[in-house]
Amino acid sequence: MRIHHLNCGTDCPFGGALFDGRSKGLTGRLVCHCLLIETNAGLVLVDTGYGLRDVDHPHRPPERITKAMRAMLNIKLREEETAIRQIERLGFSPADVRHIVLTHLDFDHAGGLEDFPGATVHLMDAEFTAATGPRNGFVPRNRYRPSQFDEVSTWRRYSGQGEAWFGFPAVRGLEGLPPEILLVPLPGHTWGHAGVAVDTGSGWLLHAGDAYFYRKEVRQAKRECTPGLRGYQTMMEVDRAQRLANQERVRRLSVEKAGEVKVLCAHDPVEFERAAAGTLL
Ligand SMILES: [Zn+2]
């Protein structure tokens with residue numbers, strides 16, 4: 001299966017290296033790392049970043065992206081970064097995207113869903129329930145934006161567990177998808193947050209979504225994270241104990257199974273650059 005790494009959104013938070021660990025100036029640079037997988041069941045998109053409608057009218061009521069989050073993350077909205085435009089540039093038709101697998105429904109992962117009206121959207125049931133139920137409080141109101149997904153026509157929601165994957169609970173046999181693509185529940189950032197594991201034929205790739213945010217939170221025994229991303233993760237978590245436990249498990253996996261599994265997260269720009277160049281360890 002051929003995998004393309006797409007950056008479908010850029011955030012430039014004030015704080016620079018305090019967020020991304022490398023920027024020289026006042027602002028940092030975070031990505032929205034999505035996967036486009038060529039399968040014999042058509043194209044499969046893992047997460048969607050920001051979409052055309054986010055670019056066109058982010059704040060028109062009902063807001064797709066709140067002004068609070070826009071300002072906090074200094075979100076750049078660029079049509080050329082949307083998944084649909086990148087897929088077109090790769091020479092595919094948007095209609096070739098038959099399935100979208102979501103790590104979770106936060107605004108920076110769900111924005112492109114409605115650009116693919118023919119796609120079936122797969123996610124954990126707990127995530128769908130949290131995002132479509134009552135949203136009380138600053139974080140729930142700002143993270144889930146129903147206007148980004150109220151026109152999705154075909155959802156597939158999962159709660160059952162299949163045979164474990166490297167010791168993690170796993171949802172196997174996603175409907176209509178090849179068996180090489182699994183959901184790996186990693187709750188804590190949100191209630192129904194999950195990683196997406198892909199058997200590439202030459203090892204596994206785990207897109208860990210927002211289970212961690214910074215490249216040095218994995219691939220080494222001791223966690224290192226910038227203060228900005230540490231603070232953001234704390235602000236957005238729904239269950240601290242579960243989040244930290246799942247992050248620790250991903251870290252251990254990345255160290256102990258380094259030869260078999262490559263891990264990446266949604267927002268680290270260095271991981272994205274390495275993955276796109278084929279040099280991610
Ligand atoms: Zn995110």
# chains A, B, ... in the order shown; residues from 1 in each chain; ligands from 1

$ residues_around --residues "Leu280 (chain A)" --least-positions-apart "3" --cutoff "8 Å" --atoms "only C-alpha atoms" --output "compact mmCIF listing (two decimals) with N, CA and C atoms, in the first residue's frame"
# COMPACT_ATOMS: atom_id res chain seq x y z
N LYS A 262 6.78 2.29 13.20
CA LYS A 262 7.13 3.71 13.21
C LYS A 262 5.93 4.48 13.72
N GLU A 271 8.61 15.50 12.47
CA GLU A 271 8.13 14.16 12.09
C GLU A 271 7.51 14.18 10.71
N ARG A 274 10.21 14.40 8.03
CA ARG A 274 10.93 13.12 7.89
C ARG A 274 10.05 12.07 7.24
N ALA A 275 8.79 12.01 7.64
CA ALA A 275 7.90 10.99 7.05
C ALA A 275 7.75 11.24 5.55
N ALA A 277 9.80 12.64 3.61
CA ALA A 277 11.07 12.36 2.93
C ALA A 277 11.47 10.88 3.02

$ residues_near_ligand --ligand "ligand 1" --cutoff "8 Å" --atoms "only C-alpha atoms and all ligand atoms" --output "number ranges by chain"
A: 32, 106-109, 209-210, 266-267

$ select_by_dssp --residues "region 33-151 of chain A" --states "strand (DSSP E or B)" --output "list in words"
His33, Cys34, Leu35, Leu36, Ile37, Glu38, Thr39, Asn40, Gly42, Leu43, Val44, Leu45, Val46, Ile75, Lys76, Val97, Arg98, His99, Ile100, Val101, Thr120, Val121, His122, Leu123 and Met124 of chain A

$ residues_around --residues "Ala130 (chain A)" --least-positions-apart "5" --cutoff "10 Å" --atoms "only C-alpha atoms" --output "list in words"
Leu105, Asp125, Arg135, Pro140, Tyr144, Thr190, Trp191 and Gly192 of chain A

$ write_last_selection --atoms "N, CA, C and O atoms" --output "short mmCIF file (atom, residue, chain, number, x, y, z; two decimals), in the first residue's frame"
data_model
loop_
_atom_site.label_atom_id
_atom_site.label_comp_id
_atom_site.auth_asym_id
_atom_site.auth_seq_id
_atom_site.Cartn_x
_atom_site.Cartn_y
_atom_site.Cartn_z
N LEU A 105 -12.49 13.91 16.48
CA LEU A 105 -13.30 14.89 15.73
C LEU A 105 -12.96 16.34 16.05
O LEU A 105 -13.73 17.23 15.73
N ASP A 125 -17.02 5.04 18.47
CA ASP A 125 -18.35 5.48 18.86
C ASP A 125 -18.29 6.53 19.97
O ASP A 125 -19.06 7.50 19.98
N ARG A 135 -22.26 19.97 24.74
CA ARG A 135 -20.88 20.42 24.86
C ARG A 135 -20.85 21.58 25.82
O ARG A 135 -21.10 22.72 25.45
N PRO A 140 -14.91 21.80 25.37
CA PRO A 140 -15.84 21.06 24.50
C PRO A 140 -16.49 21.95 23.43
O PRO A 140 -16.70 21.51 22.30
N TYR A 144 -15.04 20.76 19.41
CA TYR A 144 -15.97 20.09 18.50
C TYR A 144 -16.85 21.12 17.83
O TYR A 144 -17.54 21.89 18.51
N THR A 190 -9.21 12.96 23.93
CA THR A 190 -10.68 13.01 23.89
C THR A 190 -11.16 11.64 24.32
O THR A 190 -10.38 10.69 24.45
N TRP A 191 -12.49 11.52 24.51
CA TRP A 191 -13.03 10.25 25.02
C TRP A 191 -12.90 9.13 24.00
O TRP A 191 -12.71 7.98 24.36
N GLY A 192 -13.01 9.47 22.73
CA GLY A 192 -12.96 8.42 21.73
C GLY A 192 -11.75 8.54 20.82
O GLY A 192 -11.80 8.12 19.66
#

$ atom_distance --atom1 "CA of Gly15 (chain A)" --atom2 "CA of Pro187 (chain A)"
27.7 Å

$ select_by_dssp --residues "region 101-237 of chain A" --states "helix (DSSP H, G or I)" --output "compact mmCIF listing (two decimals) with N, CA and C atoms, in the first residue's frame"
# COMPACT_ATOMS: atom_id res chain seq x y z
N PHE A 107 -11.62 20.08 15.71
CA PHE A 107 -11.77 20.97 14.55
C PHE A 107 -10.58 20.92 13.59
N ASP A 108 -9.39 20.58 14.10
CA ASP A 108 -8.22 20.58 13.24
C ASP A 108 -7.98 19.20 12.61
N HIS A 109 -8.92 18.30 12.80
CA HIS A 109 -8.83 16.96 12.20
C HIS A 109 -10.04 16.68 11.31
N ALA A 110 -11.16 17.38 11.59
CA ALA A 110 -12.44 17.08 10.94
C ALA A 110 -12.81 18.09 9.85
N LEU A 113 -13.82 16.93 6.19
CA LEU A 113 -14.75 15.81 5.97
C LEU A 113 -15.74 16.09 4.85
N GLU A 114 -16.32 17.31 4.87
CA GLU A 114 -17.40 17.59 3.92
C GLU A 114 -16.89 17.86 2.51
N ASP A 115 -15.59 17.88 2.33
CA ASP A 115 -15.04 17.97 0.97
C ASP A 115 -15.11 16.63 0.25
N ASP A 125 -17.02 5.04 18.47
CA ASP A 125 -18.35 5.48 18.86
C ASP A 125 -18.29 6.53 19.97
N ALA A 126 -17.36 6.35 20.91
CA ALA A 126 -17.26 7.30 22.02
C ALA A 126 -16.93 8.70 21.53
N GLU A 127 -16.21 8.79 20.41
CA GLU A 127 -15.86 10.09 19.86
C GLU A 127 -17.08 10.74 19.22
N PHE A 128 -17.81 9.95 18.48
CA PHE A 128 -19.03 10.48 17.84
C PHE A 128 -19.99 10.99 18.91
N THR A 129 -20.15 10.19 19.96
CA THR A 129 -21.08 10.56 21.04
C THR A 129 -20.65 11.85 21.72
N ALA A 130 -19.35 11.96 22.01
CA ALA A 130 -18.86 13.16 22.70
C ALA A 130 -19.02 14.40 21.83
N ALA A 131 -18.79 14.24 20.54
CA ALA A 131 -18.79 15.41 19.65
C ALA A 131 -20.19 15.85 19.28
N THR A 132 -21.15 14.94 19.33
CA THR A 132 -22.50 15.28 18.91
C THR A 132 -23.44 15.47 20.10
N PHE A 138 -15.61 25.53 28.06
CA PHE A 138 -14.81 26.19 27.01
C PHE A 138 -14.22 25.18 26.03
N VAL A 139 -13.57 24.15 26.55
CA VAL A 139 -12.88 23.21 25.65
C VAL A 139 -13.87 22.42 24.79
N PRO A 140 -14.91 21.80 25.37
CA PRO A 140 -15.84 21.06 24.50
C PRO A 140 -16.49 21.95 23.43
N ARG A 141 -16.82 23.18 23.78
CA ARG A 141 -17.46 24.06 22.79
C ARG A 141 -16.50 24.45 21.68
N ASN A 142 -15.24 24.62 22.03
CA ASN A 142 -14.27 25.09 21.05
C ASN A 142 -13.66 23.98 20.22
N ARG A 143 -13.58 22.76 20.78
CA ARG A 143 -12.89 21.70 20.05
C ARG A 143 -13.80 21.03 19.02
N PRO A 146 -19.81 21.11 15.28
CA PRO A 146 -20.74 20.30 14.49
C PRO A 146 -20.94 20.80 13.06
N SER A 147 -20.75 22.09 12.83
CA SER A 147 -20.92 22.58 11.45
C SER A 147 -19.88 21.98 10.51
N GLN A 148 -18.80 21.42 11.06
CA GLN A 148 -17.80 20.76 10.20
C GLN A 148 -18.23 19.36 9.79
N ARG A 215 7.97 15.42 19.01
CA ARG A 215 8.79 14.30 18.54
C ARG A 215 9.59 13.61 19.64
N LYS A 216 9.97 14.38 20.68
CA LYS A 216 10.78 13.78 21.74
C LYS A 216 9.93 13.19 22.87
N GLU A 217 8.64 13.14 22.66
CA GLU A 217 7.80 12.41 23.62
C GLU A 217 7.82 10.92 23.33
N PRO A 227 7.29 23.47 26.67
CA PRO A 227 6.26 23.95 27.60
C PRO A 227 4.94 24.29 26.90
N GLY A 228 5.02 24.86 25.70
CA GLY A 228 3.79 25.23 25.00
C GLY A 228 2.93 24.03 24.69
N LEU A 229 3.55 22.97 24.18
CA LEU A 229 2.77 21.78 23.82
C LEU A 229 2.35 20.99 25.05
N ARG A 230 3.17 21.07 26.09
CA ARG A 230 2.77 20.45 27.35
C ARG A 230 1.49 21.11 27.87
N GLY A 231 1.50 22.45 27.84
CA GLY A 231 0.34 23.19 28.32
C GLY A 231 -0.90 22.94 27.46
N TYR A 232 -0.71 22.91 26.15
CA TYR A 232 -1.85 22.70 25.26
C TYR A 232 -2.47 21.32 25.48
N GLN A 233 -1.61 20.32 25.62
CA GLN A 233 -2.13 18.96 25.84
C GLN A 233 -2.91 18.88 27.14
N THR A 234 -2.39 19.56 28.18
CA THR A 234 -3.09 19.55 29.46
C THR A 234 -4.44 20.25 29.34
N MET A 235 -4.45 21.37 28.64
CA MET A 235 -5.70 22.12 28.51
C MET A 235 -6.76 21.28 27.78
N MET A 236 -6.34 20.52 26.78
CA MET A 236 -7.31 19.82 25.93
C MET A 236 -7.68 18.42 26.44

$ residues_around --residues "Gly195 (chain A)" --least-positions-apart "5" --cutoff "12 Å" --atoms "only C-alpha atoms" --output "PyMOL selection string"
chain A and resi 46-47+101-104+123-124+165+168-171+181-190+205-212+246-247+250+263-266

$ closest_atom_pairs --of "region 96-173 of chain A" --to "region 35-39 of chain A" --cutoff "10 Å" --atoms "only C-alpha atoms" --output "CSV"
residue,atom,partner,partner_atom,distance
A:Asp96,CA,A:Glu38,CA,9.6
A:Val97,CA,A:Leu36,CA,8.8
A:Arg98,CA,A:Thr39,CA,10.0
A:His99,CA,A:Ile37,CA,9.9
A:Ile100,CA,A:Leu36,CA,9.3
A:Val101,CA,A:Leu35,CA,9.6

$ residues_around --residues "region 84-90 of chain A" --least-positions-apart "2" --cutoff "8 Å" --atoms "only C-alpha atoms" --output "JSON, numbers by chain"
{"A": [6, 51, 52, 79, 80, 81, 82, 92, 93, 94, 112, 115, 116]}

$ atom_distance --atom1 "CA of Thr120 (chain A)" --atom2 "CA of Trp204 (chain A)"
23.5 Å

$ closest_residue --among "A:Val270, A:Cys34, A:Val218, A:Ile65" --to "Arg252 (chain A)" --atoms "only C-alpha atoms"
A:Val218

$ atom_distance --atom1 "CA of Gly201 (chain A)" --atom2 "CA of Met1 (chain A)"
7.1 Å
